Every structure is written in C-alpha cells, then in structure tokens.
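Trainee: Got a structure for you, input.cif, holding mmCIF, C-alpha atoms.
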```
data_target
#
loop_
_atom_site.group_PDB
_atom_site.id
_atom_site.type_symbol
_atom_site.label_atom_id
_atom_site.label_comp_id
_atom_site.auth_asym_id
_atom_site.auth_seq_id
_atom_site.Cartn_x
_atom_site.Cartn_y
_atom_site.Cartn_z
ATOM 1 C CA MET P 1 100.506 125.233 94.868
ATOM 2 C CA ASP P 2 100.125 128.896 95.700
ATOM 3 C CA ILE P 3 100.703 130.484 99.115
ATOM 4 C CA THR P 4 98.029 133.178 98.641
ATOM 5 C CA THR P 5 95.295 130.621 98.033
ATOM 6 C CA PHE P 6 96.620 128.538 100.915
ATOM 7 C CA ILE P 7 96.364 131.530 103.263
ATOM 8 C CA THR P 8 92.784 132.142 102.089
ATOM 9 C CA ASN P 9 91.875 128.490 102.687
ATOM 10 C CA PHE P 10 93.562 128.626 106.077
ATOM 11 C CA ALA P 11 91.744 131.844 107.064
ATOM 12 C CA ASN P 12 88.449 130.326 105.942
ATOM 13 C CA GLN P 13 88.552 127.865 108.837
ATOM 14 C CA PHE P 14 88.196 130.743 111.290
ATOM 15 C CA ASP P 15 84.821 132.321 111.997
ATOM 16 C CA ASP P 16 85.684 135.305 114.195
ATOM 17 C CA THR P 17 89.179 136.305 113.099
ATOM 18 C CA ASP P 18 89.269 138.810 110.223
ATOM 19 C CA ALA P 19 90.817 137.434 107.026
ATOM 20 C CA SER P 20 93.144 140.466 106.876
ATOM 21 C CA GLU P 21 94.971 139.173 109.952
ATOM 22 C CA PHE P 22 96.341 136.195 108.035
ATOM 23 C CA THR P 23 99.713 136.371 106.273
ATOM 24 C CA ALA P 24 102.406 133.788 105.619
ATOM 25 C CA ASN P 25 104.096 134.850 108.857
ATOM 26 C CA THR P 26 101.019 134.751 111.083
ATOM 27 C CA LYS P 27 101.694 132.731 114.223
ATOM 28 C CA PHE P 28 98.302 131.104 114.100
ATOM 29 C CA LYS P 29 98.473 129.412 117.517
ATOM 30 C CA GLU P 30 98.629 132.859 119.120
ATOM 31 C CA LEU P 31 95.254 133.834 117.670
ATOM 32 C CA ASP P 32 92.425 134.053 120.239
ATOM 33 C CA GLU P 33 90.263 131.782 118.143
ATOM 34 C CA TRP P 34 92.865 129.007 117.834
ATOM 35 C CA SER P 35 91.821 125.729 119.506
ATOM 36 C CA SER P 36 92.313 122.001 119.127
ATOM 37 C CA LEU P 37 89.124 121.972 117.042
ATOM 38 C CA THR P 38 90.628 124.533 114.642
ATOM 39 C CA ALA P 39 93.635 122.228 114.316
ATOM 40 C CA LEU P 40 91.290 119.434 113.224
ATOM 41 C CA THR P 41 89.595 121.656 110.645
ATOM 42 C CA ILE P 42 92.981 122.725 109.223
ATOM 43 C CA ILE P 43 93.936 119.044 108.863
ATOM 44 C CA ALA P 44 90.597 118.355 107.155
ATOM 45 C CA MET P 45 90.978 121.411 104.883
ATOM 46 C CA VAL P 46 94.433 120.247 103.737
ATOM 47 C CA ASP P 47 93.036 116.780 103.022
ATOM 48 C CA GLU P 48 90.080 118.128 101.050
ATOM 49 C CA GLU P 49 91.800 120.953 99.138
ATOM 50 C CA TYR P 50 95.221 119.397 98.514
ATOM 51 C CA ASN P 51 94.614 115.687 99.036
ATOM 52 C CA VAL P 52 97.521 115.643 101.505
ATOM 53 C CA LYS P 53 97.419 113.949 104.912
ATOM 54 C CA ILE P 54 99.000 115.959 107.696
ATOM 55 C CA LYS P 55 98.992 114.989 111.356
ATOM 56 C CA GLY P 56 98.553 116.673 114.705
ATOM 57 C CA ASP P 57 102.338 116.415 115.009
ATOM 58 C CA ASP P 58 102.763 118.543 111.868
ATOM 59 C CA ILE P 59 100.560 121.274 113.316
ATOM 60 C CA ARG P 60 102.432 121.003 116.595
ATOM 61 C CA ALA P 61 105.767 121.465 114.820
ATOM 62 C CA SER P 62 104.531 124.514 112.899
ATOM 63 C CA GLN P 63 104.500 128.097 114.122
ATOM 64 C CA THR P 64 103.482 130.091 111.036
ATOM 65 C CA ILE P 65 101.126 129.477 108.122
ATOM 66 C CA GLN P 66 104.262 129.343 105.946
ATOM 67 C CA ASN P 67 105.476 126.363 108.034
ATOM 68 C CA VAL P 68 102.244 124.453 107.366
ATOM 69 C CA PHE P 69 102.349 125.452 103.680
ATOM 70 C CA ASP P 70 105.896 124.067 103.374
ATOM 71 C CA ILE P 71 104.850 120.742 104.922
ATOM 72 C CA VAL P 72 101.884 120.411 102.579
ATOM 73 C CA LYS P 73 103.944 121.420 99.536
ATOM 74 C CA SER P 74 106.609 118.837 100.370
ATOM 75 C CA ARG P 75 103.972 116.092 100.283
ATOM 76 C CA LEU P 76 102.175 117.008 97.078
ATOM 77 C CA MET K 1 84.822 69.792 134.400
ATOM 78 C CA TYR K 2 82.181 72.246 135.637
ATOM 79 C CA ASN K 3 82.194 75.298 133.353
ATOM 80 C CA PRO K 4 79.044 77.396 132.857
ATOM 81 C CA PHE K 5 80.964 79.586 130.374
ATOM 82 C CA SER K 6 81.784 76.761 127.966
ATOM 83 C CA LEU K 7 81.007 77.230 124.274
ATOM 84 C CA GLN K 8 81.178 73.478 123.569
ATOM 85 C CA GLY K 9 78.682 72.481 120.887
ATOM 86 C CA LYS K 10 78.016 76.060 119.761
ATOM 87 C CA THR K 11 78.595 77.265 116.216
ATOM 88 C CA ILE K 12 79.425 80.969 116.089
ATOM 89 C CA LEU K 13 79.693 83.349 113.100
ATOM 90 C CA ILE K 14 82.159 86.231 113.486
ATOM 91 C CA THR K 15 82.366 89.160 111.045
ATOM 92 C CA GLY K 16 85.462 91.326 110.869
ATOM 93 C CA ALA K 17 87.499 88.298 111.900
ATOM 94 C CA SER K 18 90.584 89.215 109.860
ATOM 95 C CA SER K 19 91.917 91.569 112.530
ATOM 96 C CA GLY K 20 91.566 93.197 115.945
ATOM 97 C CA ILE K 21 88.644 92.342 118.211
ATOM 98 C CA GLY K 22 87.067 89.962 115.669
ATOM 99 C CA ARG K 23 90.253 87.926 115.307
ATOM 100 C CA ALA K 24 90.901 87.776 119.072
ATOM 101 C CA THR K 25 87.311 86.711 119.767
ATOM 102 C CA ALA K 26 87.408 83.995 117.117
ATOM 103 C CA ILE K 27 90.588 82.529 118.590
ATOM 104 C CA GLU K 28 89.358 82.692 122.203
ATOM 105 C CA CYS K 29 85.941 81.208 121.305
ATOM 106 C CA SER K 30 87.670 78.278 119.586
ATOM 107 C CA LYS K 31 89.664 77.689 122.791
ATOM 108 C CA MET K 32 86.341 77.585 124.686
ATOM 109 C CA GLY K 33 85.097 74.791 122.425
ATOM 110 C CA ALA K 34 83.081 76.674 119.798
ATOM 111 C CA THR K 35 83.019 75.871 116.093
ATOM 112 C CA LEU K 36 83.700 79.076 114.150
ATOM 113 C CA ILE K 37 82.514 80.491 110.858
ATOM 114 C CA ILE K 38 84.770 83.471 110.248
ATOM 115 C CA THR K 39 84.383 86.163 107.632
ATOM 116 C CA GLY K 40 86.365 89.233 106.567
ATOM 117 C CA ARG K 41 87.307 91.173 103.464
ATOM 118 C CA ASN K 42 90.994 90.262 103.270
ATOM 119 C CA LYS K 43 91.647 86.647 102.285
ATOM 120 C CA GLU K 44 95.250 86.460 103.539
ATOM 121 C CA ARG K 45 94.529 88.025 106.919
ATOM 122 C CA LEU K 46 91.398 85.909 107.346
ATOM 123 C CA GLN K 47 93.529 82.848 106.664
ATOM 124 C CA GLU K 48 95.967 84.009 109.381
ATOM 125 C CA THR K 49 93.076 84.032 111.864
ATOM 126 C CA PHE K 50 91.855 80.665 110.576
ATOM 127 C CA MET K 51 95.269 79.069 111.166
ATOM 128 C CA GLN K 52 95.164 80.173 114.816
ATOM 129 C CA LEU K 53 91.785 78.551 115.603
ATOM 130 C CA GLU K 54 91.913 75.548 117.902
ATOM 131 C CA GLY K 55 89.892 72.394 117.249
ATOM 132 C CA GLU K 56 88.190 71.049 114.133
ATOM 133 C CA GLY K 57 85.321 71.912 111.821
ATOM 134 C CA HIS K 58 85.845 75.662 111.433
ATOM 135 C CA GLN K 59 85.015 77.393 108.146
ATOM 136 C CA GLN K 60 85.900 80.708 106.532
ATOM 137 C CA ILE K 61 84.287 82.824 103.826
ATOM 138 C CA THR K 62 85.599 86.115 102.450
ATOM 139 C CA GLY K 63 83.170 88.848 101.572
ATOM 140 C CA ASP K 64 82.623 92.596 101.587
ATOM 141 C CA LEU K 65 79.647 93.181 103.860
ATOM 142 C CA THR K 66 78.940 96.556 102.292
ATOM 143 C CA THR K 67 77.298 94.768 99.376
ATOM 144 C CA GLU K 68 73.917 93.174 99.923
ATOM 145 C CA GLU K 69 74.931 90.317 97.605
ATOM 146 C CA ALA K 70 77.837 89.381 99.898
ATOM 147 C CA ILE K 71 75.574 89.581 102.953
ATOM 148 C CA LYS K 72 73.049 87.238 101.328
ATOM 149 C CA GLU K 73 75.837 84.873 100.274
ATOM 150 C CA ILE K 74 77.300 84.701 103.796
ATOM 151 C CA ALA K 75 73.836 84.224 105.329
ATOM 152 C CA ALA K 76 73.165 81.345 102.920
ATOM 153 C CA PHE K 77 76.624 79.810 103.519
ATOM 154 C CA CYS K 78 76.224 79.579 107.304
ATOM 155 C CA PRO K 79 75.052 76.416 109.066
ATOM 156 C CA ALA K 80 72.665 76.662 112.055
ATOM 157 C CA LEU K 81 74.131 79.192 114.484
ATOM 158 C CA GLN K 82 74.078 79.513 118.269
ATOM 159 C CA GLY K 83 75.949 82.796 118.228
ATOM 160 C CA VAL K 84 76.990 85.702 115.998
ATOM 161 C CA LEU K 85 79.546 88.437 116.671
ATOM 162 C CA PHE K 86 78.996 91.510 114.503
ATOM 163 C CA CYS K 87 82.442 93.019 114.635
ATOM 164 C CA ALA K 88 83.197 94.424 111.165
ATOM 165 C CA GLY K 89 83.474 98.170 111.535
ATOM 166 C CA ILE K 90 85.430 101.254 110.552
ATOM 167 C CA GLY K 91 86.609 104.302 112.425
ATOM 168 C CA ASP K 92 86.061 107.853 111.272
ATOM 169 C CA TYR K 93 87.264 111.261 112.261
ATOM 170 C CA THR K 94 85.498 114.071 110.437
ATOM 171 C CA VAL K 95 84.757 117.519 111.846
ATOM 172 C CA THR K 96 81.255 118.710 110.986
ATOM 173 C CA LYS K 97 82.329 121.401 108.499
ATOM 174 C CA PHE K 98 83.920 118.702 106.326
ATOM 175 C CA ILE K 99 81.165 116.079 106.423
ATOM 176 C CA THR K 100 80.179 114.864 102.962
ATOM 177 C CA SER K 101 77.291 112.567 102.090
ATOM 178 C CA GLU K 102 79.895 110.090 100.801
ATOM 179 C CA LYS K 103 81.738 109.911 104.160
ATOM 180 C CA LEU K 104 78.471 109.781 106.081
ATOM 181 C CA LEU K 105 77.024 106.975 103.979
ATOM 182 C CA ASN K 106 80.245 104.962 103.998
ATOM 183 C CA VAL K 107 80.521 104.875 107.799
ATOM 184 C CA LEU K 108 76.804 104.259 108.290
ATOM 185 C CA HIS K 109 76.967 101.482 105.722
ATOM 186 C CA VAL K 110 79.785 99.533 107.368
ATOM 187 C CA ASN K 111 78.890 100.172 111.016
ATOM 188 C CA LEU K 112 75.089 100.172 110.936
ATOM 189 C CA ILE K 113 73.467 99.025 107.696
ATOM 190 C CA SER K 114 75.630 95.926 107.171
ATOM 191 C CA PRO K 115 75.119 94.368 110.637
ATOM 192 C CA VAL K 116 71.393 95.132 110.476
ATOM 193 C CA LEU K 117 71.009 93.531 107.043
ATOM 194 C CA LEU K 118 73.112 90.520 108.016
ATOM 195 C CA THR K 119 70.874 90.001 111.053
ATOM 196 C CA ARG K 120 67.841 90.227 108.797
ATOM 197 C CA TYR K 121 69.122 87.694 106.262
ATOM 198 C CA LEU K 122 70.373 85.273 108.910
ATOM 199 C CA LEU K 123 66.879 85.346 110.427
ATOM 200 C CA THR K 124 65.002 84.931 107.152
ATOM 201 C CA ASN K 125 67.359 82.086 106.202
ATOM 202 C CA LYS K 126 66.427 80.511 109.573
ATOM 203 C CA LYS K 127 70.088 80.255 110.612
ATOM 204 C CA ILE K 128 69.660 81.724 114.118
ATOM 205 C CA GLN K 129 68.716 78.868 116.443
ATOM 206 C CA LYS K 130 66.467 79.071 119.485
ATOM 207 C CA GLY K 131 68.499 80.237 122.478
ATOM 208 C CA ALA K 132 71.180 81.850 120.287
ATOM 209 C CA SER K 133 73.116 84.931 121.336
ATOM 210 C CA LEU K 134 73.752 87.904 119.020
ATOM 211 C CA VAL K 135 76.579 90.198 120.091
ATOM 212 C CA TYR K 136 77.217 93.555 118.419
ATOM 213 C CA ILE K 137 80.436 95.526 118.817
ATOM 214 C CA SER K 138 79.293 99.079 119.430
ATOM 215 C CA SER K 139 81.388 101.779 121.119
ATOM 216 C CA THR K 140 81.299 104.253 123.982
ATOM 217 C CA GLY K 141 81.556 106.702 121.067
ATOM 218 C CA ALA K 142 77.775 106.235 120.820
ATOM 219 C CA THR K 143 77.299 108.191 124.044
ATOM 220 C CA HIS K 144 80.607 109.948 124.770
ATOM 221 C CA LEU K 145 81.488 112.243 121.907
ATOM 222 C CA ALA K 146 84.556 114.265 120.961
ATOM 223 C CA PRO K 147 85.182 116.686 118.091
ATOM 224 C CA GLY K 148 85.231 114.795 114.789
ATOM 225 C CA LEU K 149 83.488 111.700 116.142
ATOM 226 C CA GLY K 150 79.925 112.641 115.193
ATOM 227 C CA ILE K 151 79.469 110.275 112.252
ATOM 228 C CA TYR K 152 81.088 107.361 114.070
ATOM 229 C CA GLY K 153 79.007 108.049 117.197
ATOM 230 C CA ALA K 154 75.812 108.232 115.152
ATOM 231 C CA SER K 155 76.573 104.896 113.488
ATOM 232 C CA LYS K 156 77.141 103.188 116.855
ATOM 233 C CA GLY K 157 74.211 104.946 118.542
ATOM 234 C CA GLY K 158 71.987 103.735 115.729
ATOM 235 C CA LEU K 159 73.360 100.229 116.192
ATOM 236 C CA ASN K 160 72.526 100.328 119.927
ATOM 237 C CA SER K 161 68.905 101.168 119.097
ATOM 238 C CA MET K 162 68.695 98.321 116.596
ATOM 239 C CA VAL K 163 70.109 95.865 119.165
ATOM 240 C CA LYS K 164 67.289 96.752 121.565
ATOM 241 C CA ALA K 165 64.752 96.182 118.791
ATOM 242 C CA PHE K 166 66.290 92.773 118.005
ATOM 243 C CA ALA K 167 66.217 91.877 121.727
ATOM 244 C CA ILE K 168 62.519 92.696 121.987
ATOM 245 C CA GLU K 169 61.532 90.975 118.743
ATOM 246 C CA LEU K 170 63.522 87.777 119.328
ATOM 247 C CA ALA K 171 62.960 87.190 123.048
ATOM 248 C CA SER K 172 60.000 84.898 122.434
ATOM 249 C CA ARG K 173 62.445 82.404 120.883
ATOM 250 C CA ASN K 174 64.994 82.935 123.672
ATOM 251 C CA ILE K 175 67.317 84.599 121.194
ATOM 252 C CA ARG K 176 69.290 87.317 122.937
ATOM 253 C CA ALA K 177 70.864 90.465 121.471
ATOM 254 C CA ASN K 178 73.405 92.572 123.335
ATOM 255 C CA ALA K 179 75.912 95.299 122.533
ATOM 256 C CA ILE K 180 79.427 95.633 123.843
ATOM 257 C CA MET K 181 80.578 99.254 124.007
ATOM 258 C CA PRO K 182 84.371 99.404 124.245
ATOM 259 C CA SER K 183 86.342 102.615 124.578
ATOM 260 C CA MET K 184 89.810 102.682 123.102
ATOM 261 C CA VAL K 185 91.152 99.215 122.327
ATOM 262 C CA LYS K 186 94.592 98.769 120.799
ATOM 263 C CA THR K 187 93.740 97.459 117.311
ATOM 264 C CA GLU K 188 94.631 98.239 113.708
ATOM 265 C CA LEU K 189 91.595 100.553 113.604
ATOM 266 C CA LEU K 190 93.575 103.114 115.595
ATOM 267 C CA GLY K 191 95.804 103.539 112.571
ATOM 268 C CA THR K 192 92.869 104.991 110.609
ATOM 269 C CA LEU K 193 92.757 107.904 113.062
ATOM 270 C CA ASP K 194 95.997 109.159 111.550
ATOM 271 C CA THR K 195 95.457 112.821 112.386
ATOM 272 C CA ILE K 196 96.231 112.131 116.042
ATOM 273 C CA SER K 197 99.840 112.574 117.163
ATOM 274 C CA ALA K 198 101.732 110.015 119.260
ATOM 275 C CA GLU K 199 101.881 112.523 122.099
ATOM 276 C CA ASP K 200 98.100 112.973 122.020
ATOM 277 C CA TRP K 201 97.598 109.195 122.132
ATOM 278 C CA GLU K 202 99.707 109.033 125.290
ATOM 279 C CA LYS K 203 97.773 111.888 126.883
ATOM 280 C CA ASP K 204 94.533 110.139 125.990
ATOM 281 C CA GLU K 205 95.562 106.788 127.440
ATOM 282 C CA ALA K 206 96.464 108.557 130.692
ATOM 283 C CA LYS K 207 92.739 109.325 131.100
ATOM 284 C CA TYR K 208 92.041 105.571 131.425
ATOM 285 C CA PRO K 209 92.572 104.386 135.024
ATOM 286 C CA LEU K 210 93.174 100.852 133.668
ATOM 287 C CA GLY K 211 94.843 101.975 130.418
ATOM 288 C CA TYR K 212 93.602 101.163 126.920
ATOM 289 C CA GLY K 213 91.914 97.809 126.362
ATOM 290 C CA LYS K 214 93.236 94.783 124.523
ATOM 291 C CA PRO K 215 91.266 92.807 121.919
ATOM 292 C CA SER K 216 91.251 89.800 124.284
ATOM 293 C CA ASP K 217 89.476 91.892 126.970
ATOM 294 C CA ILE K 218 86.553 92.275 124.591
ATOM 295 C CA ALA K 219 86.777 88.625 123.523
ATOM 296 C CA TYR K 220 86.225 87.439 127.116
ATOM 297 C CA ALA K 221 83.090 89.607 127.412
ATOM 298 C CA ALA K 222 81.813 88.147 124.144
ATOM 299 C CA ILE K 223 82.466 84.614 125.463
ATOM 300 C CA TYR K 224 80.310 85.393 128.500
ATOM 301 C CA LEU K 225 77.510 86.742 126.299
ATOM 302 C CA PHE K 226 77.682 83.669 124.024
ATOM 303 C CA SER K 227 77.656 81.242 126.938
ATOM 304 C CA ASP K 228 74.515 79.953 128.633
ATOM 305 C CA ALA K 229 75.762 81.688 131.799
ATOM 306 C CA SER K 230 74.309 84.938 130.398
ATOM 307 C CA LYS K 231 70.936 83.474 129.368
ATOM 308 C CA TRP K 232 68.981 86.097 131.343
ATOM 309 C CA ILE K 233 70.785 89.052 129.734
ATOM 310 C CA THR K 234 69.333 90.702 126.648
ATOM 311 C CA GLY K 235 69.125 94.231 125.215
ATOM 312 C CA THR K 236 71.995 95.503 127.343
ATOM 313 C CA GLU K 237 74.937 97.699 126.441
ATOM 314 C CA LEU K 238 78.046 96.494 128.245
ATOM 315 C CA GLN K 239 80.339 99.482 128.663
ATOM 316 C CA MET K 240 84.014 98.476 128.717
ATOM 317 C CA ASP K 241 86.260 101.463 129.187
ATOM 318 C CA GLY K 242 88.876 100.727 131.854
ATOM 319 C CA GLY K 243 87.196 103.340 134.053
ATOM 320 C CA ARG K 244 87.511 106.120 131.457
ATOM 321 C CA ASN K 245 84.010 107.504 131.941
ATOM 322 C CA LEU K 246 83.726 107.291 135.732
ATOM 323 C CA GLN K 247 84.400 110.983 136.290
#
```
Please express the file's structure as structure tokens.

Mentor:
Amino acid sequence: MDITTFITNFANQFDDTDASEFTANTKFKELDEWSSLTALTIIAMVDEEYNVKIKGDDIRASQTIQNVFDIVKSRL
Amino acid sequence: MYNPFSLQGKTILITGASSGIGRATAIECSKMGATLIITGRNKERLQETFMQLEGEGHQQITGDLTTEEAIKEIAAFCPALQGVLFCAGIGDYTVTKFITSEKLLNVLHVNLISPVLLTRYLLTNKKIQKGASLVYISSTGATHLAPGLGIYGASKGGLNSMVKAFAIELASRNIRANAIMPSMVKTELLGTLDTISAEDWEKDEAKYPLGYGKPSDIAYAAIYLFSDASKWITGTELQMDGGRNLQ
C-alpha cells in the first residue's frame, strides 16, 4: 500500500479543494470543504479501494492523512 | 375475559423472525394467543425464537427470501393465514458517489422485491383469508433521509407505495394492509451501520424525546394491527419514532 496513491484517492473525494493541497501531513479537518459527508465518502473510499472497514471513530482520532493511512495499513 | 386485542384463533406468518423486531413480535403474538409460522435465514437463531413461543401448534421454516424458489416454498408451506408480518430487511449506508448496481439491487431485493413477491405468492396460493391483516415493517427512512440512506429510503418508500396498492386491491375481501414506520430501534441491524461511532450513536439518541425504540414497542403495534380492534384501518403508515420527527 502506497501513500502517494492513498493521498490521490483521498483528494479525489473533494470537489472544490485543489489536489495540490493534499500531502501526508495535511490536517484534512481544517479544510473548508471538510464535512461529515466527506467523512462518509472517505470511509466508503477506503472500503472500496482497500477493502478495509474504518469507522467514524477512526476519522475522529485522525488529524492528518498519514494518520488515516496508518490505520488502513494496519488493517490490510 | 373481554379483550378486543386478542389474537386467539389467528394463524400468523412472520418473516425475519430469527432476530430483532420479527423475533419480538413472534413471541408477543404467541402470548396473545396466536399460532405462529416463523421464517428466517439462520436455522439456529430461528430455533431460539421458536423455543420462546408460548402455546402449541407453531411451525418454523428456514429460507432465504431473496430467492423466488424459497418464497414459493414458504408460500406453499403455510396453512390458511389471518395475519402476516413482513419483517425481513437489511440496513444500508452508502453515499451516492459509491452506489453500485450490486448494492442497489441487493437492498431493493431484500427490502422491497421479496415482501412484494411473498405477498403475491401467498395470494395466488389462496393462503390469505378473508379479514386477514398484512403488516409491513417499513421505516421513517422512507420519508426522513440522511446522507448515505438513499438506497435504504428508496426501498422503504417503494414498500410504502406497494402497501397502499395492496390495501386498495384487497379491501373487497376485508383484507387489510398497513405499514409500520419505526425510527431507530435497538436491534442487531444497527450493527450493520458500522461506520457510525459510539459517540455519534449517543448524540443521535439524544434527538429522540422518548429515546430509541425497543423491538417490543413495534411488536405491540403489530398486535394491534393484527387484532380485530383495527378492522377499520387499512393503507396507513404508522410512524413510530419516540417523537424524533416532531420538530
């Protein structure tokens, strides 16, 4: 599992935020576009792309994209 | 003893009886004097329900209602019925961008197509007696949506429309069809919504003036709809939400 692809998949769930704004250290909850609906699409993306179930609690516990990546990687 | 809500002498088929609302309703109906035919997919859990039924003469049959063969088999197996509870259902939580035809068809199959086809085959097998009551477990999700609940809401909204059609078509034989629309009831189905955190569940329950429902709350409504006390009620949608949608 590769962090660059993960960041691309993560960025893909946003419609108005430029892809260049996303790095491993991006604090995604501080983005203007972040909402509870985006959280649901991230959960769905992880399920579809990586076949890993993450929960609202996992998103809540994460600050950066790297944090989410680490959770997903640990469950592969 | 005077009891207009008695189910004495009534034979009632309940789908989805191996857990949750279906199980609770089966048990409560048996306590009210009904003879039960219970069905579900899981043999062991169906047996657990069966062991809790009071009185004699109950029967059970396992089957997966997503196959038309199983529906036909259950319809043929049933004796003459005075009531049916269509309770088998699944939850779903899919945001629109991730809807696939597979997910869509699966939810529609379990929540809409199966109860409609079972109704059809019970009727063509002449199992639904004059004066019988058909009760369908719908959901307030049919009318009150949230992100990710589109497919589920569509399946229950479709079911509500079918119930009205059944009510109109069957009224001439005094057969009634009604939907019960619960909001959140504490059942095993909640476990399928595994993307929701414990904290979010608590926040959600706080929006219910009377808290989340229990399976027995729904069972008592079903008992009323099965009893002759409700003989003037057909084609309705009974919203049960503990006050959730008042404001």

Trainee: Check what the PyMOL selection byres ((chain K) within 10 of (chain P)) selects in the file above and give those residues as a compact mmCIF listing (two decimals) with C-alpha atoms, in the coordinates of the input.

Mentor:
```txt
# COMPACT_ATOMS: atom_id res chain seq x y z
CA TYR K 93 87.26 111.26 112.26
CA THR K 94 85.50 114.07 110.44
CA VAL K 95 84.76 117.52 111.85
CA THR K 96 81.26 118.71 110.99
CA LYS K 97 82.33 121.40 108.50
CA PHE K 98 83.92 118.70 106.33
CA ILE K 99 81.17 116.08 106.42
CA ALA K 146 84.56 114.26 120.96
CA PRO K 147 85.18 116.69 118.09
CA GLY K 148 85.23 114.80 114.79
CA LEU K 193 92.76 107.90 113.06
CA ASP K 194 96.00 109.16 111.55
CA THR K 195 95.46 112.82 112.39
CA ILE K 196 96.23 112.13 116.04
CA SER K 197 99.84 112.57 117.16
CA ALA K 198 101.73 110.02 119.26
CA GLU K 199 101.88 112.52 122.10
CA ASP K 200 98.10 112.97 122.02
```

Trainee: Go ahead and compute the interatomic distance for atom CA of Thr49 of chain K and atom CA of Ile27 of chain K, in Å to one decimal.

Mentor: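 Between atom CA of Thr49 of chain K and atom CA of Ile27 of chain K the gap works out to 7.3 Å.
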
Trainee: Go ahead and compute the interatomic distance for atom CA of Leu105 of chain K and atom CA of Ser19 of chain K, in Å to one decimal.

Mentor: 23.1 Å

Trainee: Would you pick out the contacts of Ile233 of chain K at 9 Å or less, using only C-alpha atoms, so that residues sharing its chain but fewer than 3 positions from it are not included, and give the list as a VMD selection string?

Mentor: chain K and resid 176 to 178 225 230 236

Trainee: With C-alpha atoms retained, write the just-selected residues as a short mmCIF file (atom, residue, chain, number, x, y, z; two decimals), in the frame of the given file.

Mentor:
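Wrote it out as out12.cif, contents follow:
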```cif
data_model
loop_
_atom_site.label_atom_id
_atom_site.label_comp_id
_atom_site.auth_asym_id
_atom_site.auth_seq_id
_atom_site.Cartn_x
_atom_site.Cartn_y
_atom_site.Cartn_z
CA ARG K 176 69.29 87.32 122.94
CA ALA K 177 70.86 90.46 121.47
CA ASN K 178 73.40 92.57 123.34
CA LEU K 225 77.51 86.74 126.30
CA SER K 230 74.31 84.94 130.40
CA THR K 236 72.00 95.50 127.34
#
```

Trainee: Give me the result of the PyMOL selection byres ((chain K and resi 186) around 7) on this file, residue by residue, as a ChimeraX atom specification.

Mentor: /K:184-185,187,190,212-215

Trainee: Would you compute the distance between atom CA of Asn174 of chain K and atom CA of Ser139 of chain K? Give it in Å to one decimal.

Mentor: 25.1 Å

Trainee: Give me, as an MDAnalysis selection string, all polymer residues having an atom no more than 9 Å from Leu76 of chain P, counting only C-alpha atoms and skipping those fewer than 6 positions away in the same chain.

Mentor: chainID P and resid 1 50:52

Trainee: Around (92.0, 83.0, 113.9), as given in the file, which residues come within 10 Å? Count only C-alpha atoms and list them as a count of residues only.

Mentor: 26

Trainee: Restricting the calculation to all atoms listed in the file: of K:Ile218, K:Ile21, K:Cys78, K:Leu238, which residue gets closest to Lys127 of chain K?

Mentor: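 The closest residue to Lys127 of chain K is K:Cys78.
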
Trainee: Please provide as an NGL selection string all residues within 7 Å of Lys72 of chain K, with the sequence filter that same-chain residues fewer than 4 positions apart are discarded (counting all atoms listed in the file).

Mentor: :K and (68 or 76 or 121)

Trainee: Nearest to Val68 of chain P: which of P:Glu30, P:Phe6, P:Thr17, P:Ala11 is it, counting only C-alpha atoms?

Mentor: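 Nearest to Val68 of chain P: P:Phe6.
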
Trainee: Under the rule that all atoms listed in the file are counted, which of K:Ile71, K:Tyr208, K:Ala142, K:Val135 is the nearest residue to Arg120 of chain K?

Mentor: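 With all atoms listed in the file as the atom set, the closest residue is K:Ile71.
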
Trainee: Which neighbours of Ile65 of chain P fall inside 12 Å, counting only C-alpha atoms, when residues of the same chain fewer than 6 positions from it are skipped, and could you give them as a PyMOL selection string?

Mentor: chain P and resi 3-11+21-30+42+58-59+71-72

Trainee: Starting from the displayed file, determine the output of the PyMOL selection byres ((chain K and resi 7) around 12) and express the residue list as a VMD selection string.

Mentor: chain K and resid 3 to 6 8 to 12 26 28 to 36 82 to 83 132 to 133 220 222 to 230
